[in-house]
>>> print(open('query.tsv').read())   # TSV, C-alpha atoms and all ligand atoms
chain	number	residue	atom	x	y	z
A	26	MET	CA	0.00	0.00	0.00
A	27	GLU	CA	1.47	3.38	-0.96
A	28	ASN	CA	1.62	6.21	1.53
A	29	ASN	CA	0.14	9.55	0.63
A	30	PRO	CA	3.23	11.87	0.73
A	31	GLU	CA	1.18	14.75	2.18
A	32	THR	CA	-0.37	13.02	5.17
A	33	ASN	CA	2.06	10.08	5.48
A	34	LYS	CA	-0.96	7.84	6.05
A	35	PRO	CA	-1.83	4.89	3.87
A	36	SER	CA	-4.18	5.94	1.13
A	37	ALA	CA	-7.44	4.05	0.70
A	38	PRO	CA	-6.74	0.64	-0.81
A	39	PRO	CA	-7.69	0.48	-4.46
A	40	ALA	CA	-10.56	-1.93	-5.09
A	41	ALA	CA	-9.33	-5.24	-6.50
A	42	PRO	CA	-10.54	-6.20	-9.99
A	43	ASN	CA	-13.04	-8.58	-8.36
A	44	GLY	CA	-14.48	-5.75	-6.28
A	45	CYS	CA	-13.33	-7.21	-2.96
A	46	GLY	CA	-11.56	-5.02	-0.37
A	47	ALA	CA	-7.89	-5.32	0.62
A	48	GLY	CA	-8.63	-7.75	3.43
A	49	GLN	CA	-10.78	-9.92	1.23
A	50	GLY	CA	-10.39	-12.50	-1.47
A	51	SER	CA	-12.90	-13.84	-3.94
A	52	LEU	CA	-15.12	-16.80	-3.26
A	53	PRO	CA	-17.47	-18.24	-5.81
A	54	GLY	CA	-20.21	-15.66	-5.36
A	55	ARG	CA	-18.96	-13.07	-2.89
A	56	CYS	CA	-15.88	-11.88	-1.06
A	57	GLY	CA	-14.49	-13.73	1.94
A	58	ALA	CA	-12.13	-12.64	4.72
A	59	LEU	CA	-8.45	-13.33	4.22
A	60	ALA	CA	-6.63	-15.38	6.89
A	61	PHE	CA	-9.85	-16.97	8.11
A	62	PRO	CA	-10.89	-20.60	7.57
A	63	PHE	CA	-13.83	-21.07	5.29
A	64	VAL	CA	-16.46	-23.80	5.29
A	65	ALA	CA	-19.67	-23.20	3.33
A	66	MET	CA	-22.87	-23.03	5.39
A	67	GLN	CA	-25.19	-25.94	4.75
A	68	GLU	CA	-28.33	-24.65	3.01
A	69	ASN	CA	-31.58	-24.34	4.95
A	70	ASN	CA	-34.05	-27.22	4.87
A	71	PRO	CA	-31.50	-29.60	3.32
A	72	VAL	CA	-32.44	-32.93	1.74
A	73	ARG	CA	-32.71	-35.64	4.40
A	74	PHE	CA	-32.58	-39.43	4.69
A	75	SER	CA	-35.25	-41.36	6.58
A	76	ARG	CA	-34.25	-41.82	10.21
A	77	MET	CA	-33.32	-45.49	9.73
A	78	GLU	CA	-31.20	-44.70	6.68
A	79	ALA	CA	-29.63	-41.83	8.62
A	80	LEU	CA	-28.54	-44.18	11.42
A	81	GLN	CA	-27.13	-46.62	8.87
A	82	THR	CA	-25.25	-43.82	7.09
A	83	GLY	CA	-23.99	-41.89	10.10
A	84	THR	CA	-25.65	-38.66	8.98
A	85	LEU	CA	-29.18	-37.44	8.32
A	86	PHE	CA	-27.99	-35.45	5.31
A	87	PRO	CA	-27.10	-36.93	1.89
A	88	GLY	CA	-24.98	-33.82	1.30
A	89	LEU	CA	-22.67	-34.81	4.15
A	90	ASP	CA	-22.48	-38.49	3.18
A	91	LEU	CA	-18.91	-38.60	1.83
A	92	PRO	CA	-17.88	-42.25	2.13
A	93	PHE	CA	-14.35	-43.70	2.28
A	94	LYS	CA	-14.54	-46.22	-0.54
A	95	ALA	CA	-17.77	-46.74	-2.40
A	96	ALA	CA	-17.01	-50.48	-2.71
A	97	ILE	CA	-16.91	-51.18	1.04
A	98	GLN	CA	-19.49	-48.59	1.90
A	99	ALA	CA	-22.50	-50.84	1.25
A	100	LYS	CA	-24.96	-50.00	4.00
A	101	THR	CA	-25.67	-52.70	6.53
A	102	GLN	CA	-29.29	-53.54	7.05
A	103	LEU	CA	-29.90	-52.96	10.75
A	104	LYS	CA	-32.50	-55.21	12.32
A	105	ASN	CA	-35.63	-53.28	13.14
A	106	THR	CA	-35.75	-53.93	16.90
A	107	ALA	CA	-37.17	-51.65	19.59
A	108	LEU	CA	-33.57	-50.63	20.43
A	109	VAL	CA	-32.55	-49.88	16.84
A	110	GLU	CA	-35.76	-47.90	16.30
A	111	LEU	CA	-34.99	-45.86	19.43
A	112	MET	CA	-31.37	-45.40	18.34
A	113	ALA	CA	-32.58	-44.09	14.96
A	114	LEU	CA	-34.90	-41.59	16.65
A	115	ASP	CA	-32.29	-40.44	19.15
A	116	PHE	CA	-29.74	-40.15	16.38
A	117	ALA	CA	-32.05	-38.05	14.23
A	118	ILE	CA	-32.65	-35.79	17.26
A	119	ASP	CA	-28.91	-35.40	17.95
A	120	GLU	CA	-28.12	-34.78	14.29
A	121	LEU	CA	-30.94	-32.26	13.83
A	122	GLY	CA	-29.97	-30.61	17.11
A	123	LEU	CA	-26.41	-30.06	15.87
A	124	TYR	CA	-27.77	-28.70	12.60
A	125	LEU	CA	-30.08	-26.35	14.50
A	126	VAL	CA	-27.18	-24.94	16.51
A	127	THR	CA	-25.99	-23.27	13.31
A	128	HIS	CA	-29.43	-23.01	11.61
A	129	SER	CA	-31.75	-22.05	14.45
A	130	GLN	CA	-34.15	-20.25	12.07
A	131	ASP	CA	-34.95	-23.30	9.93
A	132	GLN	CA	-38.65	-23.85	10.71
A	133	GLU	CA	-38.94	-27.13	8.77
A	134	ALA	CA	-36.02	-28.63	10.68
A	135	LEU	CA	-37.49	-27.39	13.97
A	136	GLN	CA	-40.85	-29.00	13.18
A	137	LEU	CA	-39.15	-32.27	12.37
A	138	TYR	CA	-37.12	-32.00	15.58
A	139	TRP	CA	-40.27	-31.74	17.69
A	140	SER	CA	-41.92	-34.64	15.90
A	141	TYR	CA	-38.86	-36.88	16.49
A	142	ILE	CA	-38.80	-35.93	20.16
A	143	LYS	CA	-42.40	-37.00	20.51
A	144	LEU	CA	-41.78	-40.31	18.69
A	145	ALA	CA	-38.68	-40.95	20.80
A	146	GLN	CA	-40.70	-40.60	24.00
A	147	GLU	CA	-42.96	-43.38	22.77
A	148	GLY	CA	-40.02	-45.46	21.53
A	149	ARG	CA	-38.30	-45.10	24.90
A	150	GLN	CA	-41.33	-46.43	26.70
A	151	LYS	CA	-41.66	-49.36	24.32
A	152	TYR	CA	-37.99	-50.25	24.74
A	153	GLN	CA	-38.03	-50.00	28.51
A	154	GLU	CA	-41.06	-52.27	28.85
A	155	LEU	CA	-39.06	-54.95	27.04
A	156	TYR	CA	-35.52	-54.46	28.33
A	157	GLY	CA	-35.49	-52.37	31.49
A	158	PRO	CA	-34.56	-48.81	32.41
A	159	LEU	CA	-32.35	-46.58	30.26
A	160	LEU	CA	-31.83	-43.98	32.98
A	161	GLN	CA	-31.70	-44.52	36.72
A	162	THR	CA	-34.66	-42.17	36.96
A	163	ASP	CA	-36.66	-44.55	34.74
A	164	LEU	CA	-36.86	-47.14	37.54
A	165	THR	CA	-40.35	-48.09	38.72
A	166	PRO	CA	-41.33	-49.56	42.14
A	167	GLU	CA	-42.66	-52.81	40.61
A	168	ASP	CA	-39.32	-54.05	39.27
A	169	GLY	CA	-36.98	-53.61	42.23
A	170	TYR	CA	-33.54	-52.22	41.46
A	171	ALA	CA	-33.71	-53.08	37.75
A	172	TRP	CA	-30.68	-50.90	37.00
A	173	LEU	CA	-28.59	-54.03	37.69
A	174	LYS	CA	-30.22	-55.96	34.89
A	175	ASP	CA	-27.75	-57.60	32.44
A	176	PRO	CA	-26.73	-57.21	29.67
A	177	TRP	CA	-24.99	-53.85	29.75
A	178	PRO	CA	-24.47	-52.05	26.43
A	179	TRP	CA	-20.92	-53.36	25.88
A	180	ASP	CA	-21.78	-56.99	26.72
A	181	GLU	CA	-22.28	-59.57	24.02
A	182	GLY	CA	-25.95	-59.37	23.10
A	183	GLY	CA	-26.19	-56.02	24.85
A	184	ASN	CA	-27.52	-54.40	21.70
A	185	ALA	CA	-30.76	-56.08	20.79
B	4	MET	CA	-23.94	-32.49	34.62
B	5	PHE	CA	-23.83	-35.84	32.91
B	6	VAL	CA	-26.32	-38.68	33.19
B	7	TYR	CA	-25.61	-42.17	31.89
B	8	GLU	CA	-28.04	-43.69	29.44
B	9	LYS	CA	-27.78	-47.48	29.32
B	10	LYS	CA	-27.46	-47.87	25.55
B	11	LEU	CA	-24.95	-47.22	22.79
B	12	GLN	CA	-25.39	-44.55	20.13
B	13	TYR	CA	-25.11	-47.20	17.39
B	14	PRO	CA	-25.28	-51.01	17.59
B	15	VAL	CA	-21.98	-52.86	18.11
B	16	LYS	CA	-22.34	-56.59	17.51
B	17	ILE	CA	-19.02	-58.28	16.81
B	18	LYS	CA	-19.41	-61.97	15.98
B	19	ASN	CA	-15.74	-63.02	15.71
B	20	ILE	CA	-12.93	-62.26	18.12
B	21	ASN	CA	-9.78	-60.64	16.68
B	22	PRO	CA	-7.25	-59.47	19.28
B	23	LYS	CA	-4.86	-58.12	16.66
B	24	LEU	CA	-7.55	-55.81	15.28
B	25	ALA	CA	-8.44	-54.76	18.84
B	26	SER	CA	-4.84	-53.66	19.42
B	27	ILE	CA	-5.17	-51.35	16.38
B	28	ILE	CA	-8.63	-49.97	17.15
B	29	ILE	CA	-7.59	-49.09	20.72
B	30	SER	CA	-5.96	-46.02	19.14
B	31	GLN	CA	-9.38	-44.42	18.75
B	32	TYR	CA	-9.89	-44.98	22.49
B	33	GLY	CA	-6.66	-43.43	23.78
B	34	GLY	CA	-4.56	-42.40	20.79
B	35	PRO	CA	-3.63	-38.86	19.71
B	36	ASP	CA	-6.76	-38.42	17.57
B	37	GLY	CA	-9.04	-40.70	19.55
B	38	GLU	CA	-12.42	-40.16	21.14
B	39	LEU	CA	-11.15	-39.54	24.69
B	40	GLY	CA	-9.03	-36.63	23.48
B	41	ALA	CA	-11.89	-35.39	21.31
B	42	SER	CA	-14.38	-35.28	24.15
B	43	LEU	CA	-11.95	-33.63	26.57
B	44	ARG	CA	-10.81	-31.12	23.95
B	45	TYR	CA	-14.34	-29.90	23.21
B	46	LEU	CA	-15.72	-30.11	26.74
B	47	SER	CA	-12.71	-28.09	27.97
B	48	GLN	CA	-12.64	-25.53	25.17
B	49	ARG	CA	-16.27	-24.57	25.68
B	50	TYR	CA	-15.63	-22.50	28.82
B	51	SER	CA	-13.92	-19.67	26.95
B	52	MET	CA	-16.40	-19.54	24.06
B	53	PRO	CA	-18.22	-16.20	23.87
B	54	TYR	CA	-21.32	-17.10	21.79
B	55	PRO	CA	-24.19	-19.50	22.53
B	56	GLU	CA	-23.78	-21.34	19.21
B	57	LEU	CA	-20.17	-22.15	20.08
B	58	LYS	CA	-21.00	-23.16	23.65
B	59	ALA	CA	-23.68	-25.49	22.27
B	60	LEU	CA	-21.48	-26.98	19.53
B	61	LEU	CA	-18.66	-27.83	21.91
B	62	THR	CA	-21.00	-29.19	24.59
B	63	ASP	CA	-23.08	-31.29	22.19
B	64	ILE	CA	-20.20	-32.62	20.08
B	65	GLY	CA	-18.05	-33.21	23.18
B	66	THR	CA	-20.91	-35.23	24.68
B	67	GLU	CA	-21.39	-37.22	21.48
B	68	GLU	CA	-17.65	-38.04	21.49
B	69	LEU	CA	-18.09	-39.63	24.94
B	70	GLY	CA	-20.68	-41.88	23.30
B	71	HIS	CA	-18.12	-42.72	20.61
B	72	LEU	CA	-15.55	-43.54	23.30
B	73	GLU	CA	-18.05	-46.07	24.66
B	74	MET	CA	-18.56	-47.58	21.20
B	75	ILE	CA	-14.81	-48.00	20.68
B	76	GLY	CA	-14.43	-49.54	24.14
B	77	THR	CA	-17.25	-51.94	23.26
B	78	ILE	CA	-15.59	-52.94	19.97
B	79	VAL	CA	-12.26	-53.62	21.73
B	80	HIS	CA	-14.00	-55.53	24.52
B	81	GLN	CA	-15.99	-57.70	22.12
B	82	LEU	CA	-12.97	-58.41	19.88
B	83	THR	CA	-11.06	-59.77	22.90
B	84	ARG	CA	-13.75	-61.69	24.78
B	85	ASN	CA	-13.19	-65.31	25.92
B	86	LEU	CA	-9.73	-65.63	24.37
B	87	ASN	CA	-7.87	-68.92	24.70
B	88	GLU	CA	-4.11	-69.14	25.19
B	89	ASP	CA	-3.33	-69.48	21.50
B	90	GLN	CA	-5.45	-66.49	20.64
B	91	ILE	CA	-3.65	-64.37	23.23
B	92	ARG	CA	-0.35	-65.20	21.53
B	93	ALA	CA	-1.65	-64.72	18.01
B	94	GLY	CA	-0.88	-61.83	15.75
B	95	GLY	CA	0.90	-59.25	17.89
B	96	PHE	CA	-1.59	-58.91	20.75
B	97	GLU	CA	1.03	-59.87	23.39
B	98	PRO	CA	2.44	-56.34	24.03
B	99	TYR	CA	-1.04	-55.05	24.89
B	100	PHE	CA	-1.97	-58.20	26.79
B	101	VAL	CA	1.06	-58.20	29.07
B	102	ASP	CA	0.21	-54.71	30.36
B	103	HIS	CA	-3.59	-54.70	30.35
B	104	THR	CA	-4.76	-58.34	29.96
B	105	THR	CA	-8.09	-57.85	28.14
B	106	GLY	CA	-9.00	-54.64	29.96
B	107	VAL	CA	-9.71	-51.53	27.87
B	108	TYR	CA	-6.95	-48.98	28.46
B	109	PRO	CA	-6.59	-45.55	26.79
B	110	THR	CA	-3.45	-45.93	24.74
B	111	ALA	CA	-2.31	-45.32	21.19
B	112	ALA	CA	-1.85	-48.42	19.04
B	113	SER	CA	1.80	-47.41	18.72
B	114	GLY	CA	2.21	-47.78	22.49
B	115	SER	CA	2.09	-44.40	24.23
B	116	PRO	CA	-0.63	-44.04	26.85
B	117	TRP	CA	-3.26	-41.31	26.41
B	118	ASN	CA	-1.72	-37.89	26.85
B	119	ALA	CA	-3.28	-34.43	27.02
B	120	ALA	CA	-0.42	-33.24	24.81
B	121	GLY	CA	-2.44	-34.67	21.91
B	122	MET	CA	-5.10	-32.00	22.31
B	123	ALA	CA	-5.11	-28.26	22.80
B	124	VAL	CA	-7.13	-25.63	24.63
B	125	LYS	CA	-5.92	-22.20	23.59
B	126	GLY	CA	-8.71	-20.05	25.00
B	127	ASP	CA	-9.20	-18.25	21.68
B	128	LEU	CA	-12.16	-19.07	19.50
B	129	ILE	CA	-10.37	-18.87	16.16
B	130	ALA	CA	-7.41	-20.95	17.33
B	131	ASP	CA	-9.56	-23.51	19.14
B	132	LEU	CA	-12.13	-24.00	16.38
B	133	THR	CA	-9.38	-24.24	13.77
B	134	GLU	CA	-7.79	-26.94	15.92
B	135	ASP	CA	-11.16	-28.69	16.05
B	136	LEU	CA	-11.46	-28.68	12.26
B	137	ALA	CA	-8.04	-30.36	12.04
B	138	ALA	CA	-8.91	-32.77	14.87
B	139	GLU	CA	-12.02	-33.98	13.05
B	140	GLN	CA	-10.00	-34.58	9.89
B	141	LYS	CA	-7.31	-36.47	11.82
B	142	ALA	CA	-9.96	-38.69	13.42
B	143	ARG	CA	-11.50	-39.23	9.98
B	144	VAL	CA	-8.11	-40.36	8.61
B	145	THR	CA	-7.60	-42.74	11.55
B	146	TYR	CA	-10.96	-44.33	10.74
B	147	ASP	CA	-9.95	-44.52	7.07
B	148	ASN	CA	-6.77	-46.33	8.15
B	149	ILE	CA	-8.75	-48.74	10.33
B	150	LEU	CA	-10.98	-49.49	7.33
B	151	ARG	CA	-7.82	-50.09	5.27
B	152	LEU	CA	-6.56	-52.60	7.86
B	153	SER	CA	-9.78	-54.38	8.85
B	154	ASP	CA	-11.79	-56.89	6.87
B	155	ASP	CA	-14.32	-57.65	9.60
B	156	PRO	CA	-17.73	-56.45	8.37
B	157	ASP	CA	-19.13	-56.14	11.92
B	158	VAL	CA	-16.27	-53.88	12.97
B	159	ASN	CA	-16.33	-51.88	9.73
B	160	ASP	CA	-20.04	-51.22	10.10
B	161	ALA	CA	-19.55	-49.36	13.39
B	162	ILE	CA	-16.31	-47.71	12.20
B	163	LYS	CA	-18.05	-46.32	9.11
B	164	PHE	CA	-20.69	-44.76	11.33
B	165	LEU	CA	-18.03	-43.12	13.53
B	166	ARG	CA	-16.14	-41.90	10.46
B	167	ALA	CA	-19.27	-40.27	9.05
B	168	ARG	CA	-19.75	-38.39	12.32
B	169	GLU	CA	-16.31	-36.74	12.00
B	170	ILE	CA	-17.34	-35.24	8.66
B	171	VAL	CA	-20.55	-33.82	10.12
B	172	HIS	CA	-18.62	-32.41	13.09
B	173	PHE	CA	-16.11	-30.77	10.74
B	174	GLN	CA	-18.99	-29.10	8.89
B	175	ARG	CA	-20.59	-27.80	12.09
B	176	PHE	CA	-17.32	-26.42	13.49
B	177	GLY	CA	-16.76	-24.63	10.18
B	178	GLU	CA	-20.26	-23.16	10.37
B	179	GLY	CA	-19.64	-22.13	13.97
B	180	LEU	CA	-16.56	-20.20	12.88
B	181	ARG	CA	-18.53	-18.42	10.17
B	182	LEU	CA	-21.34	-17.45	12.54
B	183	ALA	CA	-18.80	-16.15	15.05
B	184	LYS	CA	-17.04	-14.12	12.40
B	185	ASP	CA	-20.19	-12.09	11.73
B	186	ARG	CA	-19.96	-10.83	15.32
B	187	MET	CA	-16.27	-10.06	15.33
B	188	ASN	CA	-14.49	-6.94	14.11
B	189	GLU	CA	-15.25	-6.61	10.43
B	190	LYS	CA	-11.93	-5.00	9.53
B	191	ASN	CA	-9.72	-7.37	11.49
B	192	VAL	CA	-11.08	-10.49	13.17
B	193	TYR	CA	-7.97	-10.71	15.34
B	194	LEU	CA	-8.31	-7.15	16.63
B	195	VAL	CA	-10.82	-7.68	19.41
B	196	ASN	CA	-11.17	-11.25	20.46
B	197	PRO	CA	-10.79	-12.22	24.12
B	198	SER	CA	-12.65	-9.85	26.46
B	199	PHE	CA	-9.43	-8.58	28.05
B	200	ASP	CA	-8.31	-6.99	24.77
B	201	GLN	CA	-11.35	-4.74	24.57
C	1	FE	FE	-15.91	-36.00	16.10
>>> encode(input="query.tsv", output="structure tokens", more="lines below")
Ligand SMILES: [Fe+2]
Amino acid sequence: MENNPETNKPSAPPAAPNGCGAGQGSLPGRCGALAFPFVAMQENNPVRFSRMEALQTGTLFPGLDLPFKAAIQAKTQLKNTALVELMALDFAIDELGLYLVTHSQDQEALQLYWSYIKLAQEGRQKYQELYGPLLQTDLTPEDGYAWLKDPWPWDEGGNA
Amino acid sequence: MFVYEKKLQYPVKIKNINPKLASIIISQYGGPDGELGASLRYLSQRYSMPYPELKALLTDIGTEELGHLEMIGTIVHQLTRNLNEDQIRAGGFEPYFVDHTTGVYPTAASGSPWNAAGMAVKGDLIADLTEDLAAEQKARVTYDNILRLSDDPDVNDAIKFLRAREIVHFQRFGEGLRLAKDRMNEKNVYLVNPSFDQ
């Protein structure tokens, strides 16, 4: 930047040919800050998998499904048990929750979030009737101290 | 506070034991880019974050990483269950076995125990979130390497899930940085950052 000989202060930076200021570089579309990491924002109301496909893929969003090797990426068919159904609902809630942290104005995603929460409450009840409490506060007086019930999640057969 | 929920985030059902593979996968339990470091990195960095989106990202992703730690521990445990003497001696499992038997211990596959030097908390949102972007990529590569080394479909199924999560986390940390930038000094994002520089 050249100094103005009369004031000895830097003169206003000339606009770059792309119209971006001195501290900016071009992005496809508009200018971005220099010396700052850049990741594109995911668009609002993005395309989504079903909740079961989301659990099998590891993300709710096809746009973020970037597999390692297509050949070994064949999706496993998870058995549709009460536990897997609950896992799919809880996963969709976690995944949408993370999305909403950076997209809190997306009304469609918010609606879906509420509907999954409601379904997960039902799924939780269904699971617990079959397999016992998920939280210590889910214990009921009829079953004694059912928290001790085997198997635990890491045991063989612990994931129905 | 934290409350334990008695289930995994994703099913882990390993049919065949494979102690050699367990001694590789243990790296995602206690290695430099593993899930223990990930959870502690995010759950520790969150205290100095100035904006609610960043507090939420670090809390929620840090919590999810604890769930991943449990999945990795489960994989290691199931790969080493009910071993007989020959299986203990097979395929390079002895160095792990002599120190930890078939317990699950936070160590890198290459031998060094878990160390906080593998993570960073700088107390500066740009530095910390940029570290987190790199951390997610390093974890993604470790999962790629596990997929390169493993031919057990039951293991790979859970590993692919964990790998996919790193990509989503990378995206969200990147978005967090962009949202934060809109609230920082427009002319120079480094000019006013921690509160004591104001
Ligand atoms: Fe992660």
>>> atom_distance(input="query.tsv", atom1="CA of Tyr170 (chain A)", atom2="CA of Leu108 (chain A)")
21.1 Å
>>> residues_near_ligand(input="query.tsv", ligand="ligand FE 1 (chain C)", cutoff="6 Å", atoms="all atoms listed in the file", output="list in words")
Glu139, Arg168, Glu169 and His172 of chain B
>>> atom_distance(input="query.tsv", atom1="CA of Tyr141 (chain A)", atom2="CA of Asp115 (chain A)")
7.9 Å
>>> closest_residue(input="query.tsv", among="B:Pro35, B:Pro53, B:Pro22, B:Gly65", to="Ile78 (chain B)", atoms="only C-alpha atoms")
B:Pro22
>>> closest_residue(input="query.tsv", among="A:Glu120, A:Glu181, A:Glu110, A:Asp175", to="Gly148 (chain A)", atoms="all atoms listed in the file")
A:Glu110
>>> residues_around(input="query.tsv", residues="Val144 (chain B)", least_positions_apart="3", cutoff="10 Å", atoms="all atoms listed in the file", output="list in words")
Phe93 of chain A; Asp36, Ala138, Glu139, Gln140, Lys141, Asp147, Asn148, Ile149, Leu150, Arg166 and Glu169 of chain B
>>> interface_residues(input="query.tsv", of="chain A", to="chain B", cutoff="7 Å", atoms="only C-alpha atoms", output="list of chain:residue names")
A:Phe63, A:Val64, A:Met66, A:Thr82, A:Gly83, A:Thr84, A:Leu89, A:Asp90, A:Phe93, A:Thr101, A:Met112, A:Leu123, A:Val126, A:Thr127, A:Leu159, A:Leu160, A:Trp177, A:Pro178, A:Trp179, A:Glu181, A:Asn184
>>> build_atoms(input="query.tsv", residues="region 63-71 of chain A", atoms="all heavy atoms", output="short mmCIF file (atom, residue, chain, number, x, y, z; two decimals), in the frame of the given file")
data_model
loop_
_atom_site.label_atom_id
_atom_site.label_comp_id
_atom_site.auth_asym_id
_atom_site.auth_seq_id
_atom_site.Cartn_x
_atom_site.Cartn_y
_atom_site.Cartn_z
N PHE A 63 -12.54 -21.18 5.95
CA PHE A 63 -13.83 -21.07 5.29
C PHE A 63 -14.46 -22.43 5.06
O PHE A 63 -13.88 -23.30 4.43
CB PHE A 63 -13.66 -20.36 3.94
CG PHE A 63 -14.94 -20.26 3.17
CD1 PHE A 63 -15.84 -19.24 3.45
CD2 PHE A 63 -15.25 -21.19 2.20
CE1 PHE A 63 -17.04 -19.16 2.76
CE2 PHE A 63 -16.45 -21.10 1.50
CZ PHE A 63 -17.34 -20.08 1.77
N VAL A 64 -15.64 -22.63 5.61
CA VAL A 64 -16.46 -23.80 5.29
C VAL A 64 -17.83 -23.25 4.89
O VAL A 64 -18.37 -22.38 5.57
CB VAL A 64 -16.60 -24.74 6.51
CG1 VAL A 64 -17.61 -25.84 6.24
CG2 VAL A 64 -15.26 -25.35 6.90
N ALA A 65 -18.36 -23.70 3.78
CA ALA A 65 -19.67 -23.20 3.33
C ALA A 65 -20.75 -23.58 4.34
O ALA A 65 -20.70 -24.65 4.94
CB ALA A 65 -20.00 -23.80 1.96
N MET A 66 -21.72 -22.69 4.55
CA MET A 66 -22.87 -23.03 5.39
C MET A 66 -23.73 -24.05 4.64
O MET A 66 -23.95 -23.91 3.44
CB MET A 66 -23.74 -21.79 5.66
CG MET A 66 -23.09 -20.69 6.48
SD MET A 66 -22.68 -21.15 8.17
CE MET A 66 -24.30 -21.28 8.95
N GLN A 67 -24.22 -25.04 5.36
CA GLN A 67 -25.19 -25.94 4.75
C GLN A 67 -26.47 -25.16 4.48
O GLN A 67 -26.85 -24.29 5.27
CB GLN A 67 -25.48 -27.12 5.68
CG GLN A 67 -26.24 -28.25 5.02
CD GLN A 67 -26.36 -29.47 5.92
OE1 GLN A 67 -26.11 -29.41 7.12
NE2 GLN A 67 -26.75 -30.60 5.34
N GLU A 68 -27.12 -25.41 3.36
CA GLU A 68 -28.33 -24.65 3.01
C GLU A 68 -29.45 -24.97 4.01
O GLU A 68 -29.42 -26.00 4.67
CB GLU A 68 -28.76 -24.98 1.58
CG GLU A 68 -29.39 -26.35 1.38
CD GLU A 68 -28.39 -27.51 1.26
OE1 GLU A 68 -27.21 -27.37 1.69
OE2 GLU A 68 -28.78 -28.56 0.76
N ASN A 69 -30.44 -24.08 4.08
CA ASN A 69 -31.58 -24.34 4.95
C ASN A 69 -32.44 -25.45 4.37
O ASN A 69 -32.48 -25.65 3.17
CB ASN A 69 -32.43 -23.07 5.11
CG ASN A 69 -31.99 -22.27 6.33
OD1 ASN A 69 -31.40 -22.81 7.27
ND2 ASN A 69 -32.25 -20.98 6.31
N ASN A 70 -33.16 -26.13 5.26
CA ASN A 70 -34.05 -27.22 4.87
C ASN A 70 -33.39 -28.18 3.89
O ASN A 70 -33.93 -28.45 2.81
CB ASN A 70 -35.35 -26.62 4.28
CG ASN A 70 -36.45 -27.66 4.22
OD1 ASN A 70 -36.39 -28.69 4.89
ND2 ASN A 70 -37.45 -27.41 3.39
N PRO A 71 -32.21 -28.73 4.25
CA PRO A 71 -31.50 -29.60 3.32
C PRO A 71 -32.21 -30.94 3.12
O PRO A 71 -33.02 -31.35 3.95
CB PRO A 71 -30.15 -29.80 4.01
CG PRO A 71 -30.40 -29.55 5.45
CD PRO A 71 -31.54 -28.58 5.54
#
